Structures are given as C-alpha cells and as structure tokens.
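Data block below; observations after.
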Amino acid sequence: LDEAMFQLGSEDINLGGVINVQIMNTRPIYIVRQFKGEGSEIFYSYDPKGQTKSDGSSAEDTLAEWRDDGYGEGEGNKPLEIKKYIEAMAMLVDRDDEHEGLIVSLSIPPTSTDRLAGAFAVGRQLFQAGPSNLIVQCKVGNKVAAKGGDFRPWIFKALRKAS
C-alpha cells in the first residue's frame, strides 16, 4: 500500500485502491527499526526479537552496528522499534487483466490486523468459510492523523466463499 493505491512489488505497478484476494496463509513478520521516525534503517524478521533477518541470516552484524551508533541493547542506548505486521500470501482474484491469479505478499500493518480478523470472523459467520476459503476485499481507508505521522488503514470486507 503506497499512499492511496496498492502497488505491485518494486515494479510500481498500480493495482488501484481496491483489490480482491483469496488469502492462502498468514504469519507474523516484524519490522525492526534502528529508531522510531524518518530516516531509520530497517530490516524484516520472522523473529519477534529481531535476531534473524527474514531470509534466515543472522542480524547480529546489523544489530552490532546499531549498538555502536547508540541504538538497541546497551547502557544508555535508545531502544529499537520492533513492530508486528501480518504477512499474508494471497491470490489476486476478480481481475480482468494479466494479474488475475497472481500470488502476492501483503504486508498488513498493526493498525489494520484487527480489521482482517474481523473480516475472517464475518466470513465464518456469513459464508461458513475459513480464512483460506474466503474472498476478501482489501480497500484503502481514509487518511488518519496520528502522532507518528498520517497513515491510511487497510479496510477488509468478506465478500463470499471461494469457489
């Protein structure tokens, strides 16, 4: 999600402000930031403490550099910022272009994870469909003003049982 549009990877292909997906699976992923705010170095990790990078390699060299710069563990150092996101592997559906059926990775921020859980609960109730058997609409929400900067939440809606 970039500004008010969903973007496809590093190619900057604009998918629009609404996409429909079938979510295959989800798992927590953590963004480990050197410090809170703009200009911070980051890496992704599946470890809640950020000891490994998302590719499985050790993060120790990066963390040691950050400690030397005054961030992370150590006396007098400023704490790292570690935020839990949800990584969802999903298939794009209901499209009339070459992206129909494409498998994508969605990085759902902490401010929107409860909304996804709500769509899953509605899907179970209305369509008797578990999360991986549900078609979900993902929509860009209205801009929200926050202390750490404005953001646009993800809005999720359970549409129907997958066929």
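Letters for chains follow the order of the structure tokens (A, B, ...), residue numbers begin at 1 for each chain, and ligand numbers begin at 1 in the order shown.
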
Quiz item: What's the 12 Å shell around A:Val93, counting only C-alpha atoms, without same-chain residues fewer than 4 positions away, as JSON, numbers by chain?
Solution: {"A": [15, 18, 19, 20, 21, 22, 23, 97, 98, 99, 100, 101, 102, 103, 104, 134, 135, 136, 137, 138, 159, 160, 162, 163]}

Quiz prompt | Backbone-only DSSP, strand (DSSP E) members of chain A, as a PyMOL selection string | solution = chain A and resi 6-8+13-16+18-33+42-45+81-93+103-108+134-140+154-161

Self-check item: Surrounding residues of stretch 52-55 of chain A excluding itself and chain neighbours under 2 positions, 12 Å, only C-alpha atoms, as a ChimeraX atom specification
Solution: /A:28-32,42-50,57-63,87

List the spatial neighbours of stretch 74-81 of chain A as a JSON list (two decimals) with C-alpha atoms, in the first residue's frame - criterion: any atom at most 9 Å away, only C-alpha atoms, same-chain residues fewer than 6 positions off excluded.
```json
[["chain", "number", "residue", "atom", "x", "y", "z"],
["A", 31, "ILE", "CA", 9.85, -4.66, 11.08],
["A", 32, "VAL", "CA", 12.94, -3.92, 13.12],
["A", 33, "ARG", "CA", 13.86, -0.24, 13.05],
["A", 34, "GLN", "CA", 17.04, 1.35, 14.31],
["A", 35, "PHE", "CA", 14.91, 4.10, 15.84],
["A", 36, "LYS", "CA", 11.39, 5.48, 15.65],
["A", 66, "TRP", "CA", 23.28, -0.09, 15.57],
["A", 67, "ARG", "CA", 24.54, -0.65, 19.13],
["A", 68, "ASP", "CA", 27.74, 1.21, 18.22]]
```

Quiz item: So which residues touch stretch 113-125 of chain A within 9 Å, counting only C-alpha atoms, skipping near sequence neighbours fewer than 5 positions away, as a list in words?
Solution: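 Using only C-alpha atoms, the neighbours found are Tyr85, Ile86, Ile108, Gly130, Pro131, Asn133, Leu134, Ile135, Val136, Trp154, Ile155, Phe156, Lys157, Ala158, Leu159, Arg160 and Lys161 of chain A.
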
Just write the chosen residues, N, CA and C atoms, as an mmCIF file, in the first residue's frame.
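For reference, part_7.cif as written:
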```cif
data_model
loop_
_atom_site.group_PDB
_atom_site.id
_atom_site.type_symbol
_atom_site.label_atom_id
_atom_site.label_comp_id
_atom_site.auth_asym_id
_atom_site.auth_seq_id
_atom_site.Cartn_x
_atom_site.Cartn_y
_atom_site.Cartn_z
ATOM 1 N N TYR A 85 3.756 -6.944 12.107
ATOM 2 C CA TYR A 85 2.869 -6.874 10.954
ATOM 3 C C TYR A 85 2.343 -8.284 10.688
ATOM 4 N N ILE A 86 1.406 -8.391 9.769
ATOM 5 C CA ILE A 86 0.951 -9.697 9.299
ATOM 6 C C ILE A 86 1.356 -9.809 7.831
ATOM 7 N N ILE A 108 0.532 -6.331 6.137
ATOM 8 C CA ILE A 108 -0.581 -5.653 6.796
ATOM 9 C C ILE A 108 -0.094 -5.053 8.117
ATOM 10 N N GLY A 130 -13.672 -20.710 6.179
ATOM 11 C CA GLY A 130 -12.456 -20.371 6.907
ATOM 12 C C GLY A 130 -11.651 -19.351 6.121
ATOM 13 N N PRO A 131 -10.634 -18.774 6.748
ATOM 14 C CA PRO A 131 -9.864 -17.712 6.109
ATOM 15 C C PRO A 131 -9.327 -18.049 4.715
ATOM 16 N N ASN A 133 -10.575 -20.035 2.556
ATOM 17 C CA ASN A 133 -11.672 -20.330 1.617
ATOM 18 C C ASN A 133 -12.584 -19.130 1.428
ATOM 19 N N LEU A 134 -12.036 -17.944 1.608
ATOM 20 C CA LEU A 134 -12.825 -16.727 1.608
ATOM 21 C C LEU A 134 -12.242 -15.725 0.613
ATOM 22 N N ILE A 135 -13.109 -15.044 -0.110
ATOM 23 C CA ILE A 135 -12.672 -13.943 -0.949
ATOM 24 C C ILE A 135 -12.856 -12.670 -0.129
ATOM 25 N N VAL A 136 -11.767 -11.912 -0.009
ATOM 26 C CA VAL A 136 -11.740 -10.718 0.832
ATOM 27 C C VAL A 136 -11.427 -9.502 -0.033
ATOM 28 N N TRP A 154 -5.844 -0.189 6.140
ATOM 29 C CA TRP A 154 -6.467 -1.138 5.233
ATOM 30 C C TRP A 154 -7.877 -1.396 5.753
ATOM 31 N N ILE A 155 -8.834 -1.524 4.846
ATOM 32 C CA ILE A 155 -10.197 -1.887 5.190
ATOM 33 C C ILE A 155 -10.457 -3.240 4.525
ATOM 34 N N PHE A 156 -10.986 -4.203 5.279
ATOM 35 C CA PHE A 156 -11.246 -5.544 4.749
ATOM 36 C C PHE A 156 -12.737 -5.845 4.809
ATOM 37 N N LYS A 157 -13.214 -6.559 3.787
ATOM 38 C CA LYS A 157 -14.611 -6.969 3.764
ATOM 39 C C LYS A 157 -14.700 -8.376 3.211
ATOM 40 N N ALA A 158 -15.355 -9.266 3.956
ATOM 41 C CA ALA A 158 -15.577 -10.628 3.478
ATOM 42 C C ALA A 158 -16.641 -10.563 2.381
ATOM 43 N N LEU A 159 -16.316 -11.052 1.174
ATOM 44 C CA LEU A 159 -17.229 -10.951 0.048
ATOM 45 C C LEU A 159 -18.047 -12.224 -0.190
ATOM 46 N N ARG A 160 -17.352 -13.373 -0.172
ATOM 47 C CA ARG A 160 -18.045 -14.633 -0.492
ATOM 48 C C ARG A 160 -17.092 -15.795 -0.240
ATOM 49 N N LYS A 161 -17.662 -16.967 -0.250
ATOM 50 C CA LYS A 161 -16.852 -18.182 -0.165
ATOM 51 C C LYS A 161 -16.154 -18.391 -1.513
#
```

Self-check item: Between atom CA of A:Ser107 and atom CA of A:Ala90 - distance in Å to one decimal
Solution: 10.7 Å

Practice problem: Name the closest residue to A:Arg95 among the candidates A:Ser40, A:Phe127, A:Gly56, A:Gly16; distances are taken between atoms, counting only C-alpha atoms. | Solution: A:Gly16

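Coordinates place atom CA of A:Glu41 at a distance of 28.5 Å from atom CA of A:Lys139.
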
Quiz item: Which one of A:Leu8, A:Met24, A:Ala88, A:Ala64 sits closest to A:Pro109 if you count only C-alpha atoms?
Solution: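 With only C-alpha atoms as the atom set, the closest residue is A:Ala88.
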
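These are the residues of stretch 50-100 of chain A assigned alpha helix (DSSP H) by DSSP from backbone coordinates: A:Glu60, A:Asp61, A:Thr62, A:Leu63, A:Ala64, A:Glu65, A:Trp66, A:Arg67, A:Asp68.
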